[in-house]
$ cat input-v1.txt   # compact mmCIF, C-alpha atoms and all ligand atoms
# COMPACT_ATOMS: atom_id res chain seq x y z
CA MET A 1067 28.27 -9.86 9.16
CA SER A 1068 29.71 -13.32 8.56
CA GLU A 1069 31.01 -14.34 5.15
CA GLN A 1070 28.31 -16.88 4.45
CA THR A 1071 25.58 -14.27 5.01
CA LYS A 1072 26.73 -12.26 2.01
CA ASP A 1073 26.38 -14.83 -0.75
CA LEU A 1074 23.60 -13.97 -3.19
CA SER A 1075 24.40 -17.08 -5.24
CA GLU A 1076 22.11 -18.82 -2.75
CA LYS A 1077 19.30 -20.62 -4.56
CA ILE A 1078 15.60 -20.41 -3.78
CA VAL A 1079 14.34 -23.87 -2.86
CA GLY A 1080 10.96 -23.23 -1.20
CA PHE A 1081 7.87 -21.36 -2.43
CA ASP A 1082 4.71 -21.46 -0.29
CA VAL A 1083 1.52 -19.46 -0.71
CA TRP A 1084 -1.28 -18.85 1.78
CA HIS A 1085 -4.69 -17.23 1.18
CA ILE A 1086 -5.68 -15.86 4.56
CA ALA A 1087 -8.59 -13.88 6.06
CA VAL A 1088 -7.72 -11.54 8.93
CA PRO A 1089 -10.53 -10.12 11.12
CA VAL A 1090 -10.91 -6.34 11.40
CA VAL A 1091 -12.34 -4.23 14.20
CA ASP A 1092 -14.51 -1.82 12.20
CA ARG A 1093 -16.29 -1.17 8.95
CA ARG A 1094 -14.71 0.99 6.23
CA ASP A 1095 -16.83 2.59 3.50
CA HIS A 1096 -15.14 4.01 0.42
CA GLY A 1097 -16.53 5.50 -2.77
CA ILE A 1098 -16.08 2.22 -4.64
CA GLY A 1099 -17.00 -0.29 -1.98
CA ARG A 1100 -17.07 -1.48 1.62
CA VAL A 1101 -14.85 -3.63 3.81
CA GLU A 1102 -16.14 -5.26 6.98
CA ASN A 1103 -15.52 -8.32 9.15
CA GLN A 1104 -12.23 -9.34 7.49
CA ILE A 1105 -9.67 -8.63 4.83
CA GLU A 1106 -8.33 -11.32 2.50
CA ILE A 1107 -4.68 -11.30 1.51
CA ILE A 1108 -2.05 -13.64 0.08
CA VAL A 1109 1.19 -14.43 1.91
CA LEU A 1110 4.21 -15.75 0.01
CA ARG A 1111 7.21 -17.43 1.67
CA LEU A 1112 10.43 -18.06 -0.19
CA VAL A 1113 13.03 -20.33 1.39
CA GLY A 1114 16.73 -20.24 0.52
CA GLU A 1115 19.20 -23.12 0.56
CA SER A 1116 20.52 -21.90 3.92
CA GLY A 1117 17.04 -22.13 5.43
CA LEU A 1118 16.61 -18.36 5.58
CA GLU A 1119 13.14 -17.14 4.61
CA GLY A 1120 11.70 -14.14 2.78
CA PHE A 1121 8.05 -13.07 2.96
CA GLY A 1122 5.83 -10.96 0.75
CA GLU A 1123 2.17 -9.97 0.73
CA ALA A 1124 -0.34 -9.47 -2.06
CA SER A 1125 -3.17 -7.20 -0.85
CA PRO A 1126 -5.87 -7.17 -3.51
CA TRP A 1127 -9.19 -5.40 -3.22
CA VAL A 1128 -11.66 -6.83 -5.72
CA VAL A 1129 -13.22 -3.46 -6.64
CA PHE A 1130 -9.83 -1.75 -7.01
CA THR A 1131 -7.01 -4.02 -8.18
CA GLY A 1132 -8.15 -7.64 -8.39
CA SER A 1133 -9.04 -10.75 -6.41
CA PRO A 1134 -7.10 -12.84 -3.90
CA GLU A 1135 -7.82 -15.91 -6.02
CA ALA A 1136 -6.08 -14.29 -9.00
CA SER A 1137 -3.08 -13.34 -6.85
CA PHE A 1138 -2.85 -16.85 -5.44
CA ALA A 1139 -2.92 -18.45 -8.90
CA ALA A 1140 -0.48 -15.91 -10.34
CA LEU A 1141 2.06 -16.83 -7.69
CA ASP A 1142 1.41 -20.51 -7.16
CA ARG A 1143 0.76 -21.60 -10.74
CA TYR A 1144 2.51 -19.14 -13.05
CA MET A 1145 5.42 -17.57 -11.15
CA ARG A 1146 6.61 -20.49 -9.03
CA PRO A 1147 8.30 -22.33 -11.96
CA LEU A 1148 10.22 -19.15 -12.81
CA VAL A 1149 11.51 -18.70 -9.26
CA VAL A 1150 12.34 -22.06 -7.65
CA GLY A 1151 15.88 -23.21 -8.40
CA ARG A 1152 17.17 -19.76 -9.38
CA SER A 1153 19.61 -17.72 -7.31
CA LEU A 1154 19.14 -14.40 -5.53
CA ALA A 1155 21.71 -12.88 -7.87
CA GLU A 1156 19.10 -13.25 -10.62
CA ILE A 1157 16.40 -11.12 -8.97
CA PRO A 1158 16.08 -8.57 -11.82
CA ALA A 1159 15.73 -11.36 -14.40
CA ILE A 1160 13.25 -13.28 -12.22
CA LEU A 1161 11.10 -10.18 -11.85
CA GLU A 1162 11.22 -9.44 -15.57
CA ASP A 1163 10.18 -13.02 -16.41
CA CYS A 1164 7.34 -12.94 -13.89
CA ARG A 1165 6.07 -9.58 -15.14
CA SER A 1166 5.30 -11.10 -18.52
CA VAL A 1167 4.28 -14.66 -17.57
CA VAL A 1168 0.89 -13.44 -16.30
CA MET A 1169 -0.79 -10.14 -17.14
CA HIS A 1170 -2.02 -7.70 -14.49
CA CYS A 1171 -1.92 -9.33 -11.00
CA THR A 1172 0.16 -6.38 -9.79
CA GLU A 1173 -0.39 -7.37 -6.15
CA ALA A 1174 1.16 -10.81 -6.76
CA LYS A 1175 4.15 -9.17 -8.45
CA ALA A 1176 4.56 -6.86 -5.45
CA ALA A 1177 4.46 -9.88 -3.13
CA LEU A 1178 7.13 -11.67 -5.15
CA GLU A 1179 9.49 -8.69 -5.26
CA THR A 1180 8.99 -8.10 -1.54
CA ALA A 1181 9.79 -11.73 -0.68
CA LEU A 1182 12.84 -11.80 -2.97
CA TYR A 1183 14.36 -8.69 -1.38
CA ASP A 1184 13.37 -9.78 2.13
CA LEU A 1185 15.28 -13.04 1.56
CA ALA A 1186 18.20 -11.32 -0.20
CA GLY A 1187 18.40 -8.80 2.64
CA ARG A 1188 18.51 -11.56 5.25
CA VAL A 1189 21.20 -13.39 3.28
CA ALA A 1190 23.27 -10.22 2.70
CA GLY A 1191 22.67 -8.64 6.10
CA LEU A 1192 21.09 -5.55 4.52
CA PRO A 1193 17.68 -3.88 4.90
CA VAL A 1194 15.43 -3.97 1.83
CA TRP A 1195 15.80 -0.21 1.27
CA ALA A 1196 19.51 -0.78 0.58
CA PHE A 1197 18.53 -2.64 -2.62
CA LEU A 1198 16.34 0.29 -3.70
CA GLY A 1199 19.02 2.96 -3.73
CA GLY A 1200 19.42 3.63 -0.01
CA LYS A 1201 17.24 5.49 2.45
CA VAL A 1202 16.56 9.20 2.33
CA ARG A 1203 14.55 9.48 5.56
CA ASP A 1204 14.36 7.81 8.97
CA ARG A 1205 10.61 8.02 9.48
CA ILE A 1206 7.39 8.73 7.56
CA PRO A 1207 4.40 10.74 8.85
CA LEU A 1208 1.46 8.37 9.39
CA SER A 1209 -2.02 9.12 8.06
CA CYS A 1210 -5.10 7.29 9.33
CA SER A 1211 -8.34 7.07 7.35
CA ILE A 1212 -11.69 8.14 8.78
CA ALA A 1213 -14.11 5.90 6.89
CA ASN A 1214 -16.70 4.47 9.25
CA PRO A 1215 -20.33 5.12 8.25
CA ASP A 1216 -20.97 5.32 12.01
CA PHE A 1217 -19.20 8.61 12.69
CA GLU A 1218 -19.58 8.19 16.45
CA ARG A 1219 -17.02 5.36 16.25
CA ASP A 1220 -14.72 7.56 14.19
CA LYS A 1221 -14.99 10.34 16.79
CA ALA A 1222 -13.49 7.90 19.30
CA LEU A 1223 -10.82 6.96 16.78
CA LEU A 1224 -9.99 10.65 16.25
CA ASP A 1225 -9.46 11.09 19.99
CA ARG A 1226 -7.23 8.03 20.06
CA LEU A 1227 -5.19 9.31 17.07
CA VAL A 1228 -4.64 12.69 18.71
CA ASP A 1229 -3.57 10.93 21.92
CA ASP A 1230 -1.14 8.88 19.82
CA ARG A 1231 0.21 12.08 18.20
CA VAL A 1232 -0.95 11.09 14.71
CA GLY A 1233 -1.15 14.39 12.83
CA LEU A 1234 -2.58 13.36 9.44
CA ILE A 1235 -6.05 12.04 8.68
CA LYS A 1236 -7.79 11.19 5.45
CA LEU A 1237 -11.56 11.53 5.38
CA LYS A 1238 -13.15 8.98 3.08
CA ALA A 1239 -15.99 10.78 1.33
CA GLY A 1240 -18.47 10.24 -1.47
CA PHE A 1241 -19.98 6.98 -0.20
CA SER A 1242 -22.99 8.76 1.32
CA THR A 1243 -24.60 12.22 1.09
CA ALA A 1244 -22.83 15.55 0.68
CA GLU A 1245 -24.35 16.56 4.02
CA PHE A 1246 -22.64 13.64 5.76
CA ASP A 1247 -19.26 14.65 4.31
CA ILE A 1248 -19.71 18.32 5.23
CA SER A 1249 -20.90 17.60 8.76
CA ARG A 1250 -17.87 15.39 9.42
CA LEU A 1251 -15.49 18.04 8.08
CA GLU A 1252 -17.17 20.66 10.27
CA TYR A 1253 -16.75 18.42 13.32
CA ILE A 1254 -13.09 17.68 12.57
CA ARG A 1255 -12.17 21.32 11.89
CA LYS A 1256 -13.97 22.44 15.06
CA HIS A 1257 -12.79 19.75 17.49
CA HIS A 1258 -9.39 18.89 16.00
CA PRO A 1259 -8.01 22.07 14.38
CA GLU A 1260 -4.48 20.71 14.79
CA LEU A 1261 -5.02 17.87 12.30
CA ASP A 1262 -3.77 17.94 8.71
CA VAL A 1263 -6.91 16.82 6.85
CA ARG A 1264 -7.09 15.22 3.41
CA VAL A 1265 -10.23 14.04 1.57
CA ASP A 1266 -10.49 10.95 -0.65
CA PHE A 1267 -13.62 10.26 -2.75
CA ASN A 1268 -12.35 6.92 -4.12
CA GLN A 1269 -14.14 7.52 -7.47
CA GLY A 1270 -17.44 7.94 -5.63
CA LEU A 1271 -18.83 10.99 -7.46
CA SER A 1272 -20.86 11.00 -10.65
CA GLN A 1273 -19.93 13.31 -13.52
CA GLU A 1274 -23.01 15.45 -12.79
CA GLU A 1275 -22.32 16.09 -9.11
CA ALA A 1276 -18.50 16.05 -9.04
CA ARG A 1277 -17.75 19.76 -9.50
CA GLU A 1278 -20.22 20.95 -6.87
CA ARG A 1279 -19.14 18.38 -4.30
CA VAL A 1280 -15.40 18.91 -4.65
CA LEU A 1281 -15.88 22.68 -4.40
CA GLN A 1282 -17.93 22.19 -1.20
CA VAL A 1283 -15.14 20.14 0.31
CA ALA A 1284 -12.46 22.56 -0.92
CA GLU A 1285 -13.96 25.27 1.31
CA PHE A 1286 -12.50 23.38 4.27
CA GLU A 1287 -9.03 23.74 2.70
CA PRO A 1288 -7.90 20.11 2.95
CA THR A 1289 -4.26 19.46 2.06
CA PHE A 1290 -5.50 17.60 -1.01
CA ILE A 1291 -8.62 16.08 -2.56
CA GLU A 1292 -8.13 12.59 -4.00
CA GLN A 1293 -9.72 10.80 -6.95
CA PRO A 1294 -13.26 12.25 -6.97
CA VAL A 1295 -14.31 10.47 -10.18
CA LYS A 1296 -13.76 7.22 -12.06
CA ALA A 1297 -10.24 6.06 -12.81
CA ASN A 1298 -10.63 6.43 -16.58
CA GLN A 1299 -12.25 9.89 -16.52
CA PHE A 1300 -9.02 11.73 -17.28
CA GLN A 1301 -10.66 14.72 -18.99
CA LEU A 1302 -13.02 15.22 -16.08
CA MET A 1303 -10.12 14.98 -13.62
CA ALA A 1304 -8.29 17.68 -15.60
CA ARG A 1305 -11.37 19.96 -15.59
CA LEU A 1306 -11.88 19.49 -11.84
CA ARG A 1307 -8.23 20.28 -11.24
CA ASP A 1308 -8.65 23.55 -13.20
CA SER A 1309 -11.59 24.61 -11.05
CA LEU A 1310 -9.91 23.85 -7.70
CA ASP A 1311 -7.55 25.89 -5.53
CA VAL A 1312 -6.82 22.75 -3.48
CA PRO A 1313 -4.34 20.20 -4.92
CA LEU A 1314 -5.99 17.25 -6.68
CA LEU A 1315 -4.44 13.79 -6.23
CA ALA A 1316 -4.82 10.83 -8.58
CA ASP A 1317 -5.02 7.34 -7.08
CA GLU A 1318 -7.10 4.84 -9.05
CA SER A 1319 -6.23 6.72 -12.29
CA VAL A 1320 -2.53 5.93 -11.91
CA PHE A 1321 -1.42 2.34 -11.41
CA GLY A 1322 2.03 2.32 -13.01
CA PRO A 1323 4.49 4.35 -15.09
CA GLU A 1324 2.28 4.11 -18.21
CA ASP A 1325 -0.65 5.80 -16.44
CA MET A 1326 1.72 8.32 -14.85
CA THR A 1327 2.94 9.39 -18.29
CA ARG A 1328 -0.63 9.99 -19.42
CA ALA A 1329 -1.60 11.75 -16.17
CA ILE A 1330 1.32 14.15 -16.56
CA ASN A 1331 0.65 14.79 -20.25
CA GLU A 1332 -3.06 15.42 -19.68
CA GLN A 1333 -2.44 17.41 -16.48
CA ILE A 1334 -5.09 15.58 -14.49
CA CYS A 1335 -3.52 16.03 -11.04
CA ASP A 1336 -1.14 17.93 -8.77
CA GLY A 1337 0.02 14.77 -7.02
CA VAL A 1338 -0.30 11.01 -7.00
CA SER A 1339 -0.92 8.24 -4.49
CA ILE A 1340 1.75 5.58 -5.00
CA LYS A 1341 1.10 1.98 -3.95
CA ILE A 1342 3.22 -1.09 -4.55
CA MET A 1343 0.02 -3.10 -5.08
CA LYS A 1344 -0.88 -0.87 -8.05
CA THR A 1345 2.57 -0.61 -9.62
CA GLY A 1346 3.40 -4.31 -9.27
CA GLY A 1347 6.35 -3.85 -6.97
CA LEU A 1348 8.75 -1.63 -5.08
CA GLN A 1349 11.01 -0.63 -7.95
CA ARG A 1350 8.17 0.31 -10.27
CA ALA A 1351 6.71 2.37 -7.42
CA GLY A 1352 10.03 4.17 -7.33
CA VAL A 1353 9.80 4.81 -11.07
CA VAL A 1354 6.37 6.42 -10.63
CA ALA A 1355 7.70 8.49 -7.72
CA GLU A 1356 10.61 9.77 -9.80
CA MET A 1357 8.35 10.56 -12.76
CA ALA A 1358 6.06 12.55 -10.47
CA ARG A 1359 8.98 14.39 -8.92
CA ALA A 1360 10.47 15.26 -12.30
CA ALA A 1361 7.10 16.65 -13.41
CA GLY A 1362 6.78 18.79 -10.27
CA LEU A 1363 4.00 16.69 -8.73
CA THR A 1364 3.75 15.70 -5.07
CA ALA A 1365 3.37 12.09 -3.96
CA TYR A 1366 1.72 10.19 -1.12
CA GLY A 1367 2.41 6.66 0.10
CA GLY A 1368 -0.93 4.89 -0.18
CA ASP A 1369 -1.90 1.35 0.70
CA MET A 1370 -4.64 -1.22 0.21
CA PHE A 1371 -6.37 -3.26 2.92
CA GLU A 1372 -3.28 -5.02 4.18
CA THR A 1373 -1.33 -6.34 7.14
CA GLY A 1374 1.94 -5.14 8.62
CA LEU A 1375 3.81 -7.30 6.10
CA ALA A 1376 2.73 -5.17 3.12
CA HIS A 1377 3.10 -2.04 5.27
CA LEU A 1378 6.76 -2.99 5.77
CA ALA A 1379 7.33 -3.38 2.03
CA GLY A 1380 5.76 0.03 1.39
CA THR A 1381 7.82 1.55 4.19
CA HIS A 1382 11.10 0.37 2.61
CA MET A 1383 9.92 1.70 -0.77
CA ILE A 1384 9.07 5.14 0.62
CA ALA A 1385 12.31 5.17 2.62
CA ALA A 1386 14.21 5.15 -0.68
CA ASN A 1387 12.13 7.71 -2.59
CA PRO A 1388 12.64 11.40 -1.77
CA GLY A 1389 9.60 12.55 -3.78
CA ILE A 1390 7.04 10.84 -1.51
CA THR A 1391 6.64 13.72 0.92
CA LEU A 1392 2.95 13.62 1.89
CA GLY A 1393 3.24 10.75 4.39
CA CYS A 1394 1.89 7.20 4.31
CA GLU A 1395 -1.30 5.42 5.30
CA PHE A 1396 0.09 2.30 6.93
CA TYR A 1397 -2.40 2.51 9.80
CA GLN A 1398 -4.16 -0.80 9.46
CA ALA A 1399 -1.79 -3.03 11.41
CA LYS A 1400 -2.30 -0.82 14.45
CA TYR A 1401 -5.78 0.66 14.05
CA PHE A 1402 -7.83 -1.67 11.83
CA LEU A 1403 -6.81 -5.33 12.19
CA GLU A 1404 -7.89 -7.37 15.19
CA GLU A 1405 -4.42 -8.88 15.09
CA ASP A 1406 -1.47 -8.38 12.77
CA ILE A 1407 0.53 -11.31 11.33
CA LEU A 1408 3.97 -9.89 12.17
CA ALA A 1409 5.96 -11.37 15.05
CA GLU A 1410 6.61 -7.84 16.39
CA THR A 1411 4.54 -4.69 16.36
CA PHE A 1412 4.64 -2.69 13.13
CA PRO A 1413 6.89 0.27 14.08
CA VAL A 1414 4.73 3.37 14.65
CA ARG A 1415 5.83 5.94 17.20
CA ASP A 1416 4.59 9.47 17.91
CA GLY A 1417 2.61 9.57 14.67
CA PHE A 1418 5.45 8.36 12.45
CA VAL A 1419 6.32 5.03 10.85
CA GLU A 1420 9.94 4.25 11.64
CA ILE A 1421 12.16 2.85 8.91
CA PRO A 1422 13.51 -0.60 9.90
CA GLU A 1423 17.30 -0.99 10.04
CA LYS A 1424 17.53 -4.76 10.45
CA PRO A 1425 18.19 -7.13 7.51
CA GLY A 1426 15.38 -7.79 5.03
CA LEU A 1427 12.05 -6.23 5.90
CA GLY A 1428 13.26 -5.96 9.49
CA ILE A 1429 10.44 -7.91 11.15
CA ARG A 1430 9.51 -11.55 10.67
CA VAL A 1431 6.10 -12.99 9.94
CA ASP A 1432 4.48 -15.12 12.65
CA LEU A 1433 3.71 -18.28 10.68
CA GLU A 1434 1.45 -19.64 13.38
CA LYS A 1435 -0.82 -16.63 12.92
CA VAL A 1436 -0.73 -17.07 9.13
CA ARG A 1437 -1.72 -20.72 9.50
CA HIS A 1438 -4.44 -19.80 11.98
CA TYR A 1439 -6.10 -17.45 9.49
CA THR A 1440 -5.60 -19.68 6.41
CA LEU A 1441 -8.46 -20.33 3.98
CA HIS A 1442 -6.33 -22.17 1.43
CA SER A 1443 -2.63 -22.88 1.10
CA SER A 1444 0.01 -24.58 -1.00
CA GLU A 1445 2.30 -25.06 2.00
CA GLY A 1446 4.21 -28.30 1.62
CA LEU A 1447 2.91 -28.91 -1.91
CA ASN A 1448 4.80 -28.76 -5.19
CA GLY A 1449 8.09 -29.78 -3.67
CA SER A 1450 8.43 -26.81 -1.32
CA GLN A 1451 10.54 -27.21 1.78
MG MG A 1501 -7.22 6.69 -2.53

$ encode --input "input-v1.txt" --output "structure tokens"
Amino acid sequence: MSEQTKDLSEKIVGFDVWHIAVPVVDRRDHGIGRVENQIEIIVLRLVGESGLEGFGEASPWVVFTGSPEASFAALDRYMRPLVVGRSLAEIPAILEDCRSVVMHCTEAKAALETALYDLAGRVAGLPVWAFLGGKVRDRIPLSCSIANPDFERDKALLDRLVDDRVGLIKLKAGFSTAEFDISRLEYIRKHHPELDVRVDFNQGLSQEEARERVLQVAEFEPTFIEQPVKANQFQLMARLRDSLDVPLLADESVFGPEDMTRAINEQICDGVSIKIMKTGGLQRAGVVAEMARAAGLTAYGGDMFETGLAHLAGTHMIAANPGITLGCEFYQAKYFLEEDILAETFPVRDGFVEIPEKPGLGIRVDLEKVRHYTLHSSEGLNGSQ
């Protein structure tokens, strides 16, 4: 490491934002909505005085967290003036200022924190996880979601996953009939008994049907059942948890530390799905993970519809948090996108995501791909480099 690569007094001089649409190979149905043809995400590039770059991704889903337009505006209009001209030594203050300059927009805040630490890591010669307390694991078990309404296509995906030694799958349920969910579970248990199966309803069940349908699914003894009912139905979540022998996970009910406090107090879950796009960044995700661990809850590393760039940010976050023991779902770069935007393949081997060791996020973004998929961009505007 040379001396000049350690200096965090380096100022941020460039701030570019892209709204891009990346084609996907399949359809995904979840309890709250559908994704097909493409995903839309926001890419942020920060440029330091030395010319080094840091990248971050906002991965909104309109029915879950928010819109790409809101993320774009949060970054480009409201956060940019609080970032450009400041030094990397000010990262905590920059993040605090940007948390309050625009409400919500947690995905944009995650993108900003990712890009700041990617750039700081490249300047300092350190991986992002080093800024988050250090790494506690070298790899994370990968989970892939089974969510195609055409189950024949998912049967082929299951065969591919087993060939690739992926051991965890999450069945997306509650977007169709109970019979469809049961028949898929029967198939998976019969043909792939080696798989660790989890079930996620993504809020898809009504209050009237929830108890019966989660008990039906529980007979297949999944590792956990996730978010069967609406995010704000805390009392119903607590009642369902009481009636289940299978662990109940909260996802949409818990965005950040404030929700986690309430979820613990009201005993709505046995575990939580932690996502940087919900918490508004890597460090707040770590706070939720520690709160869960202290309360005796398990934790899972969830994601949104995202590219390898956001996967990398989540990977560094999970690397530094010992309580996230249920694996991660960073499958999309490899199994869902037609093409990722990273310059190298997102690191999955033998069913595990490998923790990068190189400076920053560890893999660069391929800007030509970003430009190719651009719908709208501020590149070159507003005095950026
Ligand atoms: Mg979920």

$ residues_around --input "input-v1.txt" --residues "A:Ile1212" --least-positions-apart "2" --cutoff "7 Å" --atoms "only C-alpha atoms" --output "PyMOL selection string"
chain A and resi 1210+1214+1220+1235-1238

$ residues_near_ligand --input "input-v1.txt" --ligand "ligand MG 1501 (chain A)" --cutoff "6 Å" --atoms "all atoms listed in the file" --output "NGL selection string"
:A and (1266 or 1268 or 1317)

$ residues_around --input "input-v1.txt" --residues "A:Val1109" --least-positions-apart "4" --cutoff "6 Å" --atoms "only C-alpha atoms" --output "PDB file with C-alpha atoms, in the coordinates of the input"
ATOM      1  CA  VAL A1083       1.520 -19.460  -0.710  1.00  0.00           C
ATOM      2  CA  TRP A1084      -1.280 -18.850   1.780  1.00  0.00           C
ATOM      3  CA  GLY A1122       5.830 -10.960   0.750  1.00  0.00           C
ATOM      4  CA  GLU A1123       2.170  -9.970   0.730  1.00  0.00           C
TER       5      GLU A1123
END

$ residues_around --input "input-v1.txt" --residues "A:Tyr1439" --least-positions-apart "2" --cutoff "8 Å" --atoms "only C-alpha atoms" --output "short mmCIF file (atom, residue, chain, number, x, y, z; two decimals) with C-alpha atoms, keeping the file's coordinate frame"
data_model
loop_
_atom_site.label_atom_id
_atom_site.label_comp_id
_atom_site.auth_asym_id
_atom_site.auth_seq_id
_atom_site.Cartn_x
_atom_site.Cartn_y
_atom_site.Cartn_z
CA ILE A 1086 -5.68 -15.86 4.56
CA ALA A 1087 -8.59 -13.88 6.06
CA VAL A 1088 -7.72 -11.54 8.93
CA LYS A 1435 -0.82 -16.63 12.92
CA VAL A 1436 -0.73 -17.07 9.13
CA ARG A 1437 -1.72 -20.72 9.50
CA LEU A 1441 -8.46 -20.33 3.98
#

$ atom_distance --input "input-v1.txt" --atom1 "atom CA of A:Leu1208" --atom2 "atom CA of A:Phe1418"
5.0 Å

$ closest_atom_pairs --input "input-v1.txt" --of "stretch 1329-1360 of chain A" --to "stretch 1185-1204 of chain A" --cutoff "12 Å" --atoms "all atoms listed in the file" --output "JSON lines"
{"residue": "A:Gly1347", "atom": "CA", "partner": "A:Leu1198", "partner_atom": "CA", "distance": 11.3}
{"residue": "A:Leu1348", "atom": "CA", "partner": "A:Leu1198", "partner_atom": "CA", "distance": 7.9}
{"residue": "A:Gln1349", "atom": "CA", "partner": "A:Leu1198", "partner_atom": "CA", "distance": 6.9}
{"residue": "A:Arg1350", "atom": "CA", "partner": "A:Leu1198", "partner_atom": "CA", "distance": 10.5}
{"residue": "A:Ala1351", "atom": "CA", "partner": "A:Leu1198", "partner_atom": "CA", "distance": 10.5}
{"residue": "A:Gly1352", "atom": "CA", "partner": "A:Leu1198", "partner_atom": "CA", "distance": 8.2}
{"residue": "A:Val1353", "atom": "CA", "partner": "A:Leu1198", "partner_atom": "CA", "distance": 10.8}

$ closest_residue --input "input-v1.txt" --among "A:Met1357, A:Ala1385, A:Leu1261, A:Val1091" --to "A:Asp1325" --atoms "only C-alpha atoms"
A:Met1357

$ closest_residue --input "input-v1.txt" --among "A:Glu1420, A:Glu1274, A:Glu1318, A:Glu1372" --to "A:Thr1131" --atoms "all atoms listed in the file"
A:Glu1318

$ residues_near_point --input "input-v1.txt" --point "(15.1, -13.1, -10.5)" --cutoff "12 Å" --atoms "all atoms listed in the file" --output "PDB file with C-alpha atoms, in the frame of the given file"
ATOM      1  CA  LEU A1074      23.600 -13.970  -3.190  1.00  0.00           C
ATOM      2  CA  SER A1075      24.400 -17.080  -5.240  1.00  0.00           C
ATOM      3  CA  GLU A1076      22.110 -18.820  -2.750  1.00  0.00           C
ATOM      4  CA  LYS A1077      19.300 -20.620  -4.560  1.00  0.00           C
ATOM      5  CA  ILE A1078      15.600 -20.410  -3.780  1.00  0.00           C
ATOM      6  CA  MET A1145       5.420 -17.570 -11.150  1.00  0.00           C
ATOM      7  CA  ARG A1146       6.610 -20.490  -9.030  1.00  0.00           C
ATOM      8  CA  PRO A1147       8.300 -22.330 -11.960  1.00  0.00           C
ATOM      9  CA  LEU A1148      10.220 -19.150 -12.810  1.00  0.00           C
ATOM     10  CA  VAL A1149      11.510 -18.700  -9.260  1.00  0.00           C
ATOM     11  CA  VAL A1150      12.340 -22.060  -7.650  1.00  0.00           C
ATOM     12  CA  GLY A1151      15.880 -23.210  -8.400  1.00  0.00           C
ATOM     13  CA  ARG A1152      17.170 -19.760  -9.380  1.00  0.00           C
ATOM     14  CA  SER A1153      19.610 -17.720  -7.310  1.00  0.00           C
ATOM     15  CA  LEU A1154      19.140 -14.400  -5.530  1.00  0.00           C
ATOM     16  CA  ALA A1155      21.710 -12.880  -7.870  1.00  0.00           C
ATOM     17  CA  GLU A1156      19.100 -13.250 -10.620  1.00  0.00           C
ATOM     18  CA  ILE A1157      16.400 -11.120  -8.970  1.00  0.00           C
ATOM     19  CA  PRO A1158      16.080  -8.570 -11.820  1.00  0.00           C
ATOM     20  CA  ALA A1159      15.730 -11.360 -14.400  1.00  0.00           C
ATOM     21  CA  ILE A1160      13.250 -13.280 -12.220  1.00  0.00           C
ATOM     22  CA  LEU A1161      11.100 -10.180 -11.850  1.00  0.00           C
ATOM     23  CA  GLU A1162      11.220  -9.440 -15.570  1.00  0.00           C
ATOM     24  CA  ASP A1163      10.180 -13.020 -16.410  1.00  0.00           C
ATOM     25  CA  CYS A1164       7.340 -12.940 -13.890  1.00  0.00           C
ATOM     26  CA  ARG A1165       6.070  -9.580 -15.140  1.00  0.00           C
ATOM     27  CA  LYS A1175       4.150  -9.170  -8.450  1.00  0.00           C
ATOM     28  CA  LEU A1178       7.130 -11.670  -5.150  1.00  0.00           C
ATOM     29  CA  GLU A1179       9.490  -8.690  -5.260  1.00  0.00           C
ATOM     30  CA  THR A1180       8.990  -8.100  -1.540  1.00  0.00           C
ATOM     31  CA  ALA A1181       9.790 -11.730  -0.680  1.00  0.00           C
ATOM     32  CA  LEU A1182      12.840 -11.800  -2.970  1.00  0.00           C
ATOM     33  CA  TYR A1183      14.360  -8.690  -1.380  1.00  0.00           C
ATOM     34  CA  ALA A1186      18.200 -11.320  -0.200  1.00  0.00           C
TER      35      ALA A1186
END

$ atom_distance --input "input-v1.txt" --atom1 "atom CA of A:Ala1136" --atom2 "atom CA of A:Ala1177"
12.8 Å

$ atom_distance --input "input-v1.txt" --atom1 "atom CA of A:Gln1269" --atom2 "atom CA of A:Lys1256"
27.0 Å

$ residues_around --input "input-v1.txt" --residues "A:Phe1081" --least-positions-apart "5" --cutoff "10 Å" --atoms "all atoms listed in the file" --output "list in words"
Leu1110, Arg1111, Leu1112, Val1113, Gly1114, Glu1119, Gly1120, Phe1121, Leu1141, Asp1142, Met1145, Arg1146, Pro1147, Val1149, Val1150, Ala1181, Ser1444, Glu1445, Gly1446, Leu1447, Asn1448, Gly1449, Ser1450 and Gln1451 of chain A

$ write_last_selection --input "input-v1.txt" --atoms "C-alpha atoms" --output "compact mmCIF listing (two decimals), keeping the file's coordinate frame"
# COMPACT_ATOMS: atom_id res chain seq x y z
CA LEU A 1110 4.21 -15.75 0.01
CA ARG A 1111 7.21 -17.43 1.67
CA LEU A 1112 10.43 -18.06 -0.19
CA VAL A 1113 13.03 -20.33 1.39
CA GLY A 1114 16.73 -20.24 0.52
CA GLU A 1119 13.14 -17.14 4.61
CA GLY A 1120 11.70 -14.14 2.78
CA PHE A 1121 8.05 -13.07 2.96
CA LEU A 1141 2.06 -16.83 -7.69
CA ASP A 1142 1.41 -20.51 -7.16
CA MET A 1145 5.42 -17.57 -11.15
CA ARG A 1146 6.61 -20.49 -9.03
CA PRO A 1147 8.30 -22.33 -11.96
CA VAL A 1149 11.51 -18.70 -9.26
CA VAL A 1150 12.34 -22.06 -7.65
CA ALA A 1181 9.79 -11.73 -0.68
CA SER A 1444 0.01 -24.58 -1.00
CA GLU A 1445 2.30 -25.06 2.00
CA GLY A 1446 4.21 -28.30 1.62
CA LEU A 1447 2.91 -28.91 -1.91
CA ASN A 1448 4.80 -28.76 -5.19
CA GLY A 1449 8.09 -29.78 -3.67
CA SER A 1450 8.43 -26.81 -1.32
CA GLN A 1451 10.54 -27.21 1.78
